[in-house]
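Undergrad: Take a look at data_36.txt, compact mmCIF, C-alpha atoms:
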```txt
# COMPACT_ATOMS: atom_id res chain seq x y z
CA MET A 744 7.48 -8.87 9.16
CA LEU A 745 6.23 -7.91 5.71
CA GLN A 746 2.43 -7.72 5.48
CA LEU A 747 -0.02 -7.00 2.66
CA ILE A 748 -3.51 -5.78 3.57
CA LEU A 749 -5.96 -5.98 0.67
CA GLY A 750 -9.58 -4.93 0.42
CA GLY A 751 -12.11 -2.99 -1.57
CA ALA A 752 -13.11 0.62 -1.08
CA ARG A 753 -14.18 1.31 2.50
CA SER A 754 -13.45 -2.31 3.49
CA GLY A 755 -11.50 -1.36 6.61
CA LYS A 756 -8.07 -2.16 5.18
CA SER A 757 -6.45 1.15 6.17
CA ARG A 758 -7.97 1.05 9.63
CA LEU A 759 -6.64 -2.51 10.12
CA ALA A 760 -3.17 -1.50 8.88
CA GLU A 761 -3.15 1.46 11.27
CA LYS A 762 -4.18 -0.81 14.15
CA LEU A 763 -1.37 -3.27 13.34
CA ALA A 764 1.13 -0.43 13.11
CA SER A 765 0.02 0.90 16.51
CA GLU A 766 0.25 -2.55 18.05
CA SER A 767 3.78 -3.08 16.71
CA ALA A 768 5.23 -1.02 19.61
CA LEU A 769 7.65 0.47 17.07
CA ALA A 770 7.99 4.05 15.89
CA VAL A 771 5.65 4.41 12.89
CA THR A 772 6.26 6.19 9.61
CA TYR A 773 3.20 6.52 7.41
CA ILE A 774 4.09 6.61 3.71
CA ALA A 775 1.29 8.24 1.72
CA THR A 776 1.26 7.70 -2.03
CA SER A 777 -1.80 9.80 -2.81
CA GLU A 778 -1.73 13.02 -4.77
CA PRO A 779 -4.91 14.87 -3.75
CA LEU A 780 -5.67 16.38 -7.15
CA ASP A 781 -9.35 17.19 -6.50
CA GLY A 782 -11.66 18.10 -3.64
CA GLU A 783 -12.97 14.59 -3.07
CA MET A 784 -9.47 13.12 -2.83
CA SER A 785 -8.38 15.96 -0.57
CA ALA A 786 -11.25 15.08 1.77
CA ARG A 787 -10.15 11.43 1.83
CA VAL A 788 -6.58 12.46 2.65
CA GLN A 789 -7.84 14.73 5.43
CA MET A 790 -9.90 11.89 6.92
CA HIS A 791 -6.80 9.68 7.02
CA ARG A 792 -4.72 12.48 8.59
CA GLU A 793 -7.26 13.04 11.35
CA ARG A 794 -7.39 9.33 12.15
CA ARG A 795 -3.63 8.85 12.47
CA PRO A 796 -1.78 9.47 15.74
CA SER A 797 -0.02 12.83 15.70
CA HIS A 798 3.31 11.30 16.78
CA TRP A 799 3.59 9.17 13.63
CA ALA A 800 6.06 10.43 11.05
CA LEU A 801 4.70 11.13 7.58
CA VAL A 802 6.40 10.80 4.20
CA GLU A 803 4.44 11.73 1.09
CA GLU A 804 5.83 10.04 -2.03
CA PRO A 805 3.70 9.38 -5.10
CA LEU A 806 6.33 7.65 -7.30
CA ALA A 807 9.68 6.58 -5.80
CA LEU A 808 8.32 4.14 -3.22
CA ALA A 809 11.32 1.78 -3.12
CA ARG A 810 13.68 4.68 -2.47
CA VAL A 811 11.53 5.95 0.41
CA LEU A 812 11.24 2.47 1.91
CA ARG A 813 15.01 2.01 1.81
CA GLU A 814 15.61 5.44 3.34
CA ASN A 815 13.15 4.95 6.21
CA ALA A 816 13.25 1.25 7.10
CA SER A 817 14.99 0.23 10.32
CA ALA A 818 14.69 -2.52 12.90
CA GLU A 819 13.07 -0.03 15.31
CA ARG A 820 10.47 1.25 12.83
CA CYS A 821 7.15 0.19 11.31
CA LEU A 822 6.52 1.56 7.83
CA LEU A 823 2.90 1.72 6.71
CA VAL A 824 2.38 2.32 2.98
CA ASP A 825 -1.10 3.46 1.96
CA CYS A 826 -1.68 2.62 -0.80
CA LEU A 827 -0.10 0.61 -3.59
CA THR A 828 -2.93 1.08 -6.07
CA LEU A 829 -2.75 4.88 -5.79
CA TRP A 830 1.02 4.60 -6.29
CA MET A 831 0.45 2.44 -9.37
CA THR A 832 -2.09 4.92 -10.74
CA ASN A 833 0.43 7.73 -10.36
CA LEU A 834 2.96 5.69 -12.32
CA LEU A 835 0.50 4.66 -15.03
CA LEU A 836 -0.24 8.33 -15.66
CA GLN A 837 3.42 9.26 -16.19
CA ASP A 838 4.60 10.18 -19.69
CA ASP A 839 7.42 7.62 -19.45
CA PRO A 840 5.86 4.17 -20.02
CA GLN A 841 8.97 2.46 -18.61
CA ARG A 842 8.68 4.21 -15.23
CA LEU A 843 6.03 1.81 -13.91
CA ALA A 844 8.09 -1.27 -14.76
CA ASP A 845 11.24 0.27 -13.26
CA GLU A 846 9.58 1.39 -10.01
CA ARG A 847 7.68 -1.89 -9.67
CA GLN A 848 10.89 -3.88 -10.02
CA ALA A 849 12.72 -1.60 -7.58
CA LEU A 850 9.92 -2.18 -5.05
CA LEU A 851 9.96 -5.95 -5.48
CA ASP A 852 13.77 -6.01 -5.27
CA CYS A 853 13.91 -4.10 -1.99
CA LEU A 854 11.14 -5.83 -0.03
CA ASP A 855 13.19 -8.82 1.11
CA GLU A 856 16.03 -6.61 2.39
CA LEU A 857 14.06 -4.13 4.47
CA PRO A 858 14.48 -4.31 8.25
CA GLY A 859 11.64 -3.69 10.70
CA GLU A 860 7.93 -4.04 10.16
CA ILE A 861 6.46 -3.19 6.74
CA ILE A 862 2.70 -2.97 6.18
CA LEU A 863 1.49 -2.45 2.61
CA VAL A 864 -2.13 -1.49 1.91
CA SER A 865 -3.73 -1.96 -1.49
CA ASN A 866 -7.13 -2.07 -3.16
CA GLU A 867 -8.23 -5.48 -4.40
CA THR A 868 -9.60 -4.63 -7.84
CA GLY A 869 -9.76 -8.03 -9.50
CA MET A 870 -13.06 -9.20 -8.05
CA GLY A 871 -15.39 -7.07 -10.15
CA VAL A 872 -16.37 -6.77 -13.78
CA VAL A 873 -13.72 -6.31 -16.44
CA PRO A 874 -13.44 -2.54 -17.07
CA LEU A 875 -14.32 -1.18 -20.50
CA GLY A 876 -11.38 1.16 -21.07
CA GLU A 877 -7.83 0.18 -22.01
CA LEU A 878 -6.24 2.16 -19.14
CA THR A 879 -8.58 0.70 -16.52
CA ARG A 880 -8.04 -2.85 -17.80
CA ARG A 881 -4.28 -2.27 -17.65
CA PHE A 882 -4.64 -0.91 -14.10
CA VAL A 883 -6.54 -4.04 -12.98
CA ASP A 884 -3.99 -6.31 -14.67
CA GLU A 885 -0.98 -4.48 -13.25
CA SER A 886 -2.53 -4.40 -9.77
CA GLY A 887 -3.22 -8.12 -9.86
CA TRP A 888 0.31 -8.95 -10.98
CA LEU A 889 1.79 -6.64 -8.35
CA HIS A 890 -0.35 -8.14 -5.58
CA GLN A 891 0.68 -11.67 -6.56
CA ALA A 892 4.38 -10.78 -6.57
CA ILE A 893 4.17 -8.97 -3.24
CA ALA A 894 2.01 -11.66 -1.59
CA GLU A 895 4.64 -14.23 -2.52
CA ARG A 896 7.22 -12.23 -0.52
CA CYS A 897 4.99 -11.47 2.48
CA GLN A 898 4.83 -13.33 5.76
CA ARG A 899 1.18 -12.30 6.16
CA VAL A 900 -1.52 -11.42 3.62
CA VAL A 901 -4.96 -10.30 4.79
CA LEU A 902 -8.12 -9.61 2.81
CA THR A 903 -10.44 -7.17 4.58
CA VAL A 904 -14.17 -7.20 3.86
CA ALA A 905 -16.80 -5.20 5.80
CA GLY A 906 -14.17 -4.38 8.41
CA LEU A 907 -13.41 -8.05 8.99
CA PRO A 908 -9.93 -9.44 8.31
CA LEU A 909 -9.52 -12.80 6.58
CA THR A 910 -5.96 -14.06 6.83
CA LEU A 911 -4.95 -15.60 3.51
CA LYS A 912 -1.35 -16.34 4.42
CA GLY A 913 0.66 -16.38 7.64
CA PRO A 914 -0.32 -15.97 11.27
CA ALA A 915 -3.98 -15.28 11.93
CA LEU A 916 -5.00 -11.94 13.40
```
Can the structure from this file be put into structure tokens for me?

TA:
Amino acid sequence: MLQLILGGARSGKSRLAEKLASESALAVTYIATSEPLDGEMSARVQMHRERRPSHWALVEEPLALARVLRENASAERCLLVDCLTLWMTNLLLQDDPQRLADERQALLDCLDELPGEIILVSNETGMGVVPLGELTRRFVDESGWLHQAIAERCQRVVLTVAGLPLTLKGPAL
């Protein structure tokens, strides 16, 4: 099953994704897209590390997400990607403007072929005010387009608010 878990900051989306991964009864590989470039982000990464079971495998990949998914997906494995918006930010900040489009397309192309359980976590950014800066507006636009394309491919899409999941598509939780 391919699942997308959306939510705002501190909405409970990662915790829900981790719960679903644990309940899958499959071996879990956590795919982290974050690059902890400052102290605050390092603290967030540490919090996530401490919360995850020690027997879960970890792959840290900030850019080539489709490649990592293809390399790690199997019928006996649950892949949990946290998170797509950090991955997109990493790509938006690359010097090569084509890299985002290429990696996005590679991700969309591979999703339907992946065996096993895939859980994708992402920040829902389109429910607030329109950002003032060009880069932040592009980020919100790109995130929205990515979420729509992925949700179309998913068997389940969940919006998490205040720790509560609202199933938007597929089987209820």

Undergrad: Excluding same-chain residues fewer than 6 positions from Leu850 (chain A), what lies within 12 Å of it counting all atoms listed in the file, as number ranges by chain?

TA: A: 806-813, 824, 827, 830-831, 843-844, 856-857, 863, 889-890, 892-893, 896

Undergrad: Enclose all atoms of region 879-894 of chain A listed in the file in an axis-aligned box, grow every side by 6 Å, and hand back centre and edge lengths in Å to one decimal, as JSON.

TA:
```
{"center_x": -2.1, "center_y": -5.5, "center_z": -9.7, "size_x": 25.0, "size_y": 24.4, "size_z": 28.2}
```

Undergrad: At a cut-off of 12 Å from (-4.3, 5.2, -10.1) in the coordinates of the file, what residues are picked up using only C-alpha atoms, written as a PDB file with C-alpha atoms, in the frame of the given file?

TA:
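So the final result, stored in selection_8.pdb, reads:
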```pdb
ATOM      1  CA  THR A 776       1.260   7.700  -2.030  1.00  0.00           C
ATOM      2  CA  SER A 777      -1.800   9.800  -2.810  1.00  0.00           C
ATOM      3  CA  GLU A 778      -1.730  13.020  -4.770  1.00  0.00           C
ATOM      4  CA  PRO A 779      -4.910  14.870  -3.750  1.00  0.00           C
ATOM      5  CA  LEU A 780      -5.670  16.380  -7.150  1.00  0.00           C
ATOM      6  CA  MET A 784      -9.470  13.120  -2.830  1.00  0.00           C
ATOM      7  CA  PRO A 805       3.700   9.380  -5.100  1.00  0.00           C
ATOM      8  CA  LEU A 806       6.330   7.650  -7.300  1.00  0.00           C
ATOM      9  CA  CYS A 826      -1.680   2.620  -0.800  1.00  0.00           C
ATOM     10  CA  LEU A 827      -0.100   0.610  -3.590  1.00  0.00           C
ATOM     11  CA  THR A 828      -2.930   1.080  -6.070  1.00  0.00           C
ATOM     12  CA  LEU A 829      -2.750   4.880  -5.790  1.00  0.00           C
ATOM     13  CA  TRP A 830       1.020   4.600  -6.290  1.00  0.00           C
ATOM     14  CA  MET A 831       0.450   2.440  -9.370  1.00  0.00           C
ATOM     15  CA  THR A 832      -2.090   4.920 -10.740  1.00  0.00           C
ATOM     16  CA  ASN A 833       0.430   7.730 -10.360  1.00  0.00           C
ATOM     17  CA  LEU A 834       2.960   5.690 -12.320  1.00  0.00           C
ATOM     18  CA  LEU A 835       0.500   4.660 -15.030  1.00  0.00           C
ATOM     19  CA  LEU A 836      -0.240   8.330 -15.660  1.00  0.00           C
ATOM     20  CA  GLN A 837       3.420   9.260 -16.190  1.00  0.00           C
ATOM     21  CA  LEU A 843       6.030   1.810 -13.910  1.00  0.00           C
ATOM     22  CA  SER A 865      -3.730  -1.960  -1.490  1.00  0.00           C
ATOM     23  CA  ASN A 866      -7.130  -2.070  -3.160  1.00  0.00           C
ATOM     24  CA  THR A 868      -9.600  -4.630  -7.840  1.00  0.00           C
ATOM     25  CA  LEU A 878      -6.240   2.160 -19.140  1.00  0.00           C
ATOM     26  CA  THR A 879      -8.580   0.700 -16.520  1.00  0.00           C
ATOM     27  CA  ARG A 880      -8.040  -2.850 -17.800  1.00  0.00           C
ATOM     28  CA  ARG A 881      -4.280  -2.270 -17.650  1.00  0.00           C
ATOM     29  CA  PHE A 882      -4.640  -0.910 -14.100  1.00  0.00           C
ATOM     30  CA  VAL A 883      -6.540  -4.040 -12.980  1.00  0.00           C
ATOM     31  CA  GLU A 885      -0.980  -4.480 -13.250  1.00  0.00           C
ATOM     32  CA  SER A 886      -2.530  -4.400  -9.770  1.00  0.00           C
TER      33      SER A 886
END
```

Undergrad: Quick one: everything within 9 Å of Leu801 (chain A), counting only C-alpha atoms, minus sequence neighbours fewer than 4 positions away in the same chain. Send it as a count of residues only.

TA: 5

Undergrad: Using all atoms listed in the file, which residue out of A:Ala894, A:Ala915, A:Leu907, A:Val864 lies closest to Gly755 (chain A)?

TA: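 Result for the nearest residue to Gly755 (chain A): A:Leu907.
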
Undergrad: Any idea what the distance is between CA of Asn815 (chain A) and CA of Ala800 (chain A)?

TA: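 These two atoms are separated by 10.2 Å.
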
Undergrad: Can you measure CA of Ala905 (chain A) to CA of Gly859 (chain A) for me? One decimal in Å is fine.

TA: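 Computing it gives 28.9 Å between the two atoms.
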
Undergrad: Figure out the distance between CA of Asp825 (chain A) and CA of Val802 (chain A), please, to one decimal in Å.

TA: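 Rounded to one decimal, the two atoms are 10.7 Å apart.
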
Undergrad: For each of A:Leu759, A:Cys853, A:Leu747, A:Ile862, take the minimum atom-to-atom distance to Arg820 (chain A), counting all atoms listed in the file, then give the residue where this is smallest.

TA: A:Ile862

Undergrad: I want to know what sits within 12 Å of Lys762 (chain A), based on all atoms listed in the file, with residues of the same chain fewer than 3 positions away left out; could you give that as an MDAnalysis selection string?

TA: chainID A and resid 748 755:759 765:768 771 794:796 821 823 862 908 916

Undergrad: For Arg753 (chain A), which residue among A:Pro858, A:Gly913, A:Gly906, A:Gly869 is the nearest when counting only C-alpha atoms?

TA: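 Looking at the shortest contact to Arg753 (chain A), the residue is A:Gly906.
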
Undergrad: So that I can see what lies close to Gln746 (chain A), please list as a PyMOL selection string the residues with an atom at most 8 Å from it, counting all atoms listed in the file and leaving out residues fewer than 5 positions away in the same chain.

TA: chain A and resi 861-863+897-901

Undergrad: Pick out the closest residue to Arg792 (chain A) from this set: A:Glu761, A:Glu819, A:Glu814, A:Gln841. Count all atoms listed in the file.

TA: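 Selected residue with least distance to Arg792 (chain A): A:Glu761.
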
Undergrad: Need the shell around Glu867 (chain A): protein/DNA/RNA residues with any atom at most 6 Å away, counting all atoms listed in the file. Skip same-chain ones fewer than 6 positions apart. Format as a ChimeraX atom specification?

TA: /A:749-751

Undergrad: Take the residues from that selection and put them in a file with C-alpha atoms, as a short mmCIF file (atom, residue, chain, number, x, y, z; two decimals), in the frame of the given file.

TA:
```cif
data_model
loop_
_atom_site.label_atom_id
_atom_site.label_comp_id
_atom_site.auth_asym_id
_atom_site.auth_seq_id
_atom_site.Cartn_x
_atom_site.Cartn_y
_atom_site.Cartn_z
CA LEU A 749 -5.96 -5.98 0.67
CA GLY A 750 -9.58 -4.93 0.42
CA GLY A 751 -12.11 -2.99 -1.57
#
```
